[in-house]
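The file work25.pdb comes next; it holds PDB, C-alpha atoms.
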```
MODEL        1
ATOM      1  CA  MET A 475     176.106  59.483 -12.698
ATOM      2  CA  LYS A 476     174.032  56.885 -14.524
ATOM      3  CA  THR A 477     173.039  57.476 -18.121
ATOM      4  CA  SER A 478     169.755  56.452 -19.710
ATOM      5  CA  GLU A 479     171.520  53.494 -21.349
ATOM      6  CA  ASN A 480     172.375  51.869 -18.012
ATOM      7  CA  ALA A 481     169.988  53.491 -15.551
ATOM      8  CA  GLY A 482     167.094  51.753 -13.962
ATOM      9  CA  THR A 483     163.517  52.780 -14.548
ATOM     10  CA  ALA A 484     161.142  54.346 -12.020
ATOM     11  CA  LEU A 485     157.362  54.200 -12.240
ATOM     12  CA  ILE A 486     155.770  57.163 -10.492
ATOM     13  CA  THR A 487     152.015  57.472 -10.113
ATOM     14  CA  GLY A 488     150.904  61.074 -10.009
ATOM     15  CA  GLY A 489     154.297  62.000 -11.430
ATOM     16  CA  SER A 490     153.157  64.963 -13.506
ATOM     17  CA  SER A 491     152.647  67.357 -10.586
ATOM     18  CA  GLY A 492     153.327  68.038  -6.916
ATOM     19  CA  ILE A 493     155.430  65.636  -4.875
ATOM     20  CA  GLY A 494     155.385  63.027  -7.662
ATOM     21  CA  TYR A 495     156.880  65.549 -10.064
ATOM     22  CA  ALA A 496     159.587  66.468  -7.530
ATOM     23  CA  ILE A 497     160.492  62.805  -7.051
ATOM     24  CA  ALA A 498     160.525  62.242 -10.820
ATOM     25  CA  LYS A 499     162.805  65.245 -11.287
ATOM     26  CA  GLU A 500     165.192  63.970  -8.608
ATOM     27  CA  LEU A 501     165.339  60.493 -10.148
ATOM     28  CA  ALA A 502     165.767  61.868 -13.677
ATOM     29  CA  GLY A 503     168.656  63.946 -12.365
ATOM     30  CA  LYS A 504     170.254  60.717 -11.177
ATOM     31  CA  GLY A 505     169.825  59.179 -14.631
ATOM     32  CA  TYR A 506     166.740  57.056 -14.087
ATOM     33  CA  ASN A 507     164.324  56.540 -16.942
ATOM     34  CA  LEU A 508     160.730  57.345 -16.011
ATOM     35  CA  VAL A 509     157.288  55.910 -16.506
ATOM     36  CA  LEU A 510     154.876  58.592 -15.322
ATOM     37  CA  ALA A 511     151.260  57.564 -14.778
ATOM     38  CA  SER A 512     148.593  60.207 -14.331
ATOM     39  CA  ASN A 513     145.138  61.342 -15.385
ATOM     40  CA  GLN A 514     146.498  64.779 -16.385
ATOM     41  CA  GLU A 515     147.105  63.917 -20.037
ATOM     42  CA  LYS A 516     148.431  67.201 -21.451
ATOM     43  CA  LEU A 517     150.591  68.014 -18.425
ATOM     44  CA  LEU A 518     151.900  64.435 -18.369
ATOM     45  CA  GLU A 519     153.083  64.659 -21.962
ATOM     46  CA  GLU A 520     154.701  68.071 -21.401
ATOM     47  CA  VAL A 521     156.524  66.880 -18.277
ATOM     48  CA  CYS A 522     157.903  63.825 -20.074
ATOM     49  CA  ILE A 523     159.158  65.963 -22.961
ATOM     50  CA  ASP A 524     160.853  68.283 -20.462
ATOM     51  CA  PHE A 525     162.555  65.393 -18.627
ATOM     52  CA  ILE A 526     163.785  63.886 -21.901
ATOM     53  CA  SER A 527     165.154  67.237 -23.023
ATOM     54  CA  GLU A 528     166.686  68.358 -19.732
ATOM     55  CA  TYR A 529     168.016  65.086 -18.320
ATOM     56  CA  HIS A 530     168.518  62.972 -21.478
ATOM     57  CA  VAL A 531     166.583  60.053 -20.016
ATOM     58  CA  LYS A 532     163.711  58.077 -21.453
ATOM     59  CA  ALA A 533     160.303  59.115 -20.167
ATOM     60  CA  TRP A 534     157.017  57.480 -21.030
ATOM     61  CA  PRO A 535     153.686  59.143 -20.268
ATOM     62  CA  VAL A 536     150.904  56.709 -19.357
ATOM     63  CA  PHE A 537     147.535  58.424 -19.308
ATOM     64  CA  ILE A 538     145.393  56.362 -16.945
ATOM     65  CA  ASP A 539     142.724  56.798 -14.297
ATOM     66  CA  LEU A 540     144.284  55.073 -11.298
ATOM     67  CA  ALA A 541     140.926  55.213  -9.482
ATOM     68  CA  GLU A 542     139.569  52.473 -11.767
ATOM     69  CA  GLN A 543     139.477  48.924 -10.398
ATOM     70  CA  GLU A 544     141.596  47.549 -13.266
ATOM     71  CA  ALA A 545     144.164  50.377 -13.291
ATOM     72  CA  ALA A 546     146.982  48.470 -11.566
ATOM     73  CA  ASN A 547     146.611  45.497 -13.898
ATOM     74  CA  LYS A 548     146.502  47.796 -16.940
ATOM     75  CA  LEU A 549     149.627  49.664 -15.843
ATOM     76  CA  PHE A 550     151.516  46.445 -15.093
ATOM     77  CA  GLU A 551     150.472  45.001 -18.455
ATOM     78  CA  TRP A 552     151.529  48.220 -20.246
ATOM     79  CA  CYS A 553     155.026  47.860 -18.764
ATOM     80  CA  ARG A 554     155.144  44.171 -19.693
ATOM     81  CA  ILE A 555     154.018  44.771 -23.297
ATOM     82  CA  ASN A 556     156.587  47.558 -23.684
ATOM     83  CA  SER A 557     159.356  45.431 -22.093
ATOM     84  CA  ILE A 558     159.984  48.000 -19.381
ATOM     85  CA  GLN A 559     161.413  46.651 -16.133
ATOM     86  CA  ILE A 560     160.463  48.754 -13.128
ATOM     87  CA  ASP A 561     163.282  49.124 -10.612
ATOM     88  CA  ILE A 562     161.626  51.771  -8.441
ATOM     89  CA  LEU A 563     157.892  51.995  -7.843
ATOM     90  CA  VAL A 564     156.599  55.225  -6.310
ATOM     91  CA  ASN A 565     152.921  55.117  -5.340
ATOM     92  CA  ASN A 566     152.120  58.803  -5.059
ATOM     93  CA  ALA A 567     148.806  59.515  -6.824
ATOM     94  CA  GLY A 568     146.066  60.899  -4.631
ATOM     95  CA  ILE A 569     142.982  63.089  -4.502
ATOM     96  CA  PHE A 570     140.972  64.876  -1.855
ATOM     97  CA  PHE A 571     138.023  67.172  -1.812
ATOM     98  CA  PHE A 572     136.483  69.733   0.445
ATOM     99  CA  GLY A 573     133.306  68.699   2.186
ATOM    100  CA  GLU A 574     131.904  66.422   4.835
ATOM    101  CA  VAL A 575     132.490  62.694   4.521
ATOM    102  CA  VAL A 576     128.833  61.988   5.317
ATOM    103  CA  GLU A 577     127.811  64.159   2.352
ATOM    104  CA  THR A 578     130.112  62.327  -0.062
ATOM    105  CA  ASP A 579     128.725  60.622  -3.115
ATOM    106  CA  ILE A 580     129.213  56.839  -2.800
ATOM    107  CA  GLU A 581     130.889  56.593  -6.209
ATOM    108  CA  LYS A 582     133.371  59.353  -5.337
ATOM    109  CA  ALA A 583     134.146  57.613  -2.029
ATOM    110  CA  SER A 584     134.702  54.337  -3.866
ATOM    111  CA  GLN A 585     137.062  56.013  -6.355
ATOM    112  CA  MET A 586     139.062  57.554  -3.504
ATOM    113  CA  MET A 587     139.356  54.211  -1.730
ATOM    114  CA  THR A 588     140.470  52.518  -4.947
ATOM    115  CA  LEU A 589     143.029  55.227  -5.713
ATOM    116  CA  HIS A 590     144.426  55.446  -2.180
ATOM    117  CA  THR A 591     144.395  51.786  -1.145
ATOM    118  CA  PHE A 592     143.492  49.169  -3.749
ATOM    119  CA  THR A 593     145.582  50.421  -6.673
ATOM    120  CA  PRO A 594     148.782  51.067  -4.661
ATOM    121  CA  ALA A 595     148.490  47.723  -2.861
ATOM    122  CA  LEU A 596     148.020  45.846  -6.130
ATOM    123  CA  LEU A 597     150.897  47.739  -7.785
ATOM    124  CA  CYS A 598     153.093  46.717  -4.836
ATOM    125  CA  THR A 599     152.013  43.111  -5.301
ATOM    126  CA  LEU A 600     152.509  43.014  -9.079
ATOM    127  CA  PHE A 601     155.784  44.913  -9.312
ATOM    128  CA  GLY A 602     157.016  43.638  -5.941
ATOM    129  CA  HIS A 603     156.704  40.072  -7.193
ATOM    130  CA  GLU A 604     158.955  40.916 -10.139
ATOM    131  CA  MET A 605     161.432  42.695  -7.862
ATOM    132  CA  LYS A 606     161.528  39.710  -5.522
ATOM    133  CA  LYS A 607     162.289  37.376  -8.444
ATOM    134  CA  ARG A 608     165.157  39.663  -9.527
ATOM    135  CA  ARG A 609     166.227  40.191  -5.904
ATOM    136  CA  SER A 610     166.385  43.937  -6.531
ATOM    137  CA  GLY A 611     164.060  46.901  -6.563
ATOM    138  CA  HIS A 612     162.537  49.582  -4.368
ATOM    139  CA  ILE A 613     158.992  50.628  -3.471
ATOM    140  CA  LEU A 614     158.066  53.986  -1.971
ATOM    141  CA  ASN A 615     154.491  54.621  -0.828
ATOM    142  CA  ILE A 616     153.648  58.291  -0.307
ATOM    143  CA  SER A 617     150.893  59.277   2.116
ATOM    144  CA  SER A 618     149.495  62.592   3.218
ATOM    145  CA  LEU A 619     149.945  63.606   6.841
ATOM    146  CA  SER A 620     146.747  65.585   6.478
ATOM    147  CA  ALA A 621     144.871  62.289   6.707
ATOM    148  CA  TYR A 622     145.790  62.306  10.384
ATOM    149  CA  LEU A 623     145.433  66.018  11.130
ATOM    150  CA  PRO A 624     142.208  67.904  11.874
ATOM    151  CA  TYR A 625     141.612  70.014   8.766
ATOM    152  CA  PRO A 626     137.951  71.066   8.747
ATOM    153  CA  GLY A 627     136.262  70.536   5.410
ATOM    154  CA  ILE A 628     138.903  68.273   3.844
ATOM    155  CA  ALA A 629     137.465  64.802   3.429
ATOM    156  CA  PHE A 630     139.873  61.895   3.717
ATOM    157  CA  TYR A 631     139.207  58.254   4.321
ATOM    158  CA  SER A 632     141.260  56.338   6.824
ATOM    159  CA  SER A 633     141.103  52.796   8.116
ATOM    160  CA  THR A 634     141.694  54.057  11.655
TER
ENDMDL
END
```

Go ahead and express the file in the form of structure tokens.
Amino acid sequence: MKTSENAGTALITGGSSGIGYAIAKELAGKGYNLVLASNQEKLLEEVCIDFISEYHVKAWPVFIDLAEQEAANKLFEWCRINSIQIDILVNNAGIFFFGEVVETDIEKASQMMTLHTFTPALLCTLFGHEMKKRRSGHILNISSLSAYLPYPGIAFYSST
């Protein structure tokens, strides 16, 4: 098993809860250091402390609203400033709400579109470029099947 001294580093958006947390836990168990990005500040810090303690890896909490237009650039720049090379990018962050799409506030719809499409695509571009230069790295984009299933009252946006 890898140790934190020689392991790669995974960046996981939405890594403080749900599927993102499960992926982070799996990667920490394999010795990967973690950069966890989320808007759940307290939980994010607690999760990182737990991973450091339990798996003896490095874990950095990055409190950020990934629904902001500049979020991907800010996250990429944070990694650059802190000299952290990302070997695995997991785009997992997401939100949904109950209600009809036609009743949705335009700002909320814009935030959802940014979080679900713009930010992940830009993170793929920024970190993917670095991975291509190194000729190594992995990107995993998580998506909800519920976007394609008929759940009354759950509003999702889809390009189809």

Of the listed residues A:Leu485, A:Ala567, A:Leu508, A:Val521, that which approaches Phe550 (chain A) most closely, counting all atoms listed in the file
A:Leu485

Which residue out of A:Ala545, A:Ile580, A:Cys598, A:Ile558 has the minimum interatomic distance to Ala533 (chain A) when all atoms listed in the file are used?
A:Ile558

Using the chain letters and numbers from this file, what does the PyMOL selection byres ((chain A and resi 519) around 9) select? Give the answer as a ChimeraX atom specification.
/A:490,514-518,520-524,534-537

Generate a file of the selected residues that holds C-alpha atoms, formatted as an mmCIF file, keeping the file's coordinate frame.
```
data_model
loop_
_atom_site.group_PDB
_atom_site.id
_atom_site.type_symbol
_atom_site.label_atom_id
_atom_site.label_comp_id
_atom_site.auth_asym_id
_atom_site.auth_seq_id
_atom_site.Cartn_x
_atom_site.Cartn_y
_atom_site.Cartn_z
ATOM 1 C CA SER A 490 153.157 64.963 -13.506
ATOM 2 C CA GLN A 514 146.498 64.779 -16.385
ATOM 3 C CA GLU A 515 147.105 63.917 -20.037
ATOM 4 C CA LYS A 516 148.431 67.201 -21.451
ATOM 5 C CA LEU A 517 150.591 68.014 -18.425
ATOM 6 C CA LEU A 518 151.900 64.435 -18.369
ATOM 7 C CA GLU A 520 154.701 68.071 -21.401
ATOM 8 C CA VAL A 521 156.524 66.880 -18.277
ATOM 9 C CA CYS A 522 157.903 63.825 -20.074
ATOM 10 C CA ILE A 523 159.158 65.963 -22.961
ATOM 11 C CA ASP A 524 160.853 68.283 -20.462
ATOM 12 C CA TRP A 534 157.017 57.480 -21.030
ATOM 13 C CA PRO A 535 153.686 59.143 -20.268
ATOM 14 C CA VAL A 536 150.904 56.709 -19.357
ATOM 15 C CA PHE A 537 147.535 58.424 -19.308
#
```

Selected residue of minimal separation from Ser584 (chain A) among A:Leu614, A:Ala541, A:Ile560, A:Ala546, counting only C-alpha atoms
A:Ala541

Matched chain/residue IDs from the PyMOL selection byres ((chain A and resi 588) around 12), as a list in words
Asp539, Leu540, Ala541, Glu542, Gln543, Glu544, Ala545, Ala546, Ala567, Gly568, Ile569, Glu581, Lys582, Ala583, Ser584, Gln585, Met586, Met587, Leu589, His590, Thr591, Phe592, Thr593, Pro594, Ala595, Leu596, Leu597 and Tyr631 of chain A

One decimal, in Å: what's the spacing between CA of Glu604 (chain A) and CA of Val564 (chain A)?
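One can read the CA of Glu604 (chain A) to CA of Val564 (chain A) distance as 15.0 Å.
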
Pick from A:Thr578, A:Asn507, A:Asn547, A:Asn513, whichever lies nearest to Thr487 (chain A) using all atoms listed in the file:
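Between A:Thr578, A:Asn507, A:Asn547, A:Asn513, the residue approaching Thr487 (chain A) most closely is A:Asn513.
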
Gap from CA of Ile562 (chain A) to CA of His612 (chain A) - Å, one decimal
4.7 Å

CA of Ile616 (chain A) to CA of Gly488 (chain A): how many Å, to one decimal?
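So the answer is 10.5 Å.
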
If you take every atom of region 541-550 of chain A that the file lists and fit an axis-aligned box around them with 6 Å extra on each side, what centre and edge lengths come out in Å to one decimal, as JSON?
```
{"center_x": 145.5, "center_y": 50.4, "center_z": -13.2, "size_x": 24.0, "size_y": 21.7, "size_z": 19.5}
```

Residue nearest Phe525 (chain A) among A:Gly505, A:Ala511, A:Arg608, A:Trp552 (counting all atoms listed in the file)
A:Gly505

Among A:Asp579, A:Met605, A:Ser617, A:Ser557, Ile493 (chain A) is approached most closely, using only C-alpha atoms, by A:Ser617
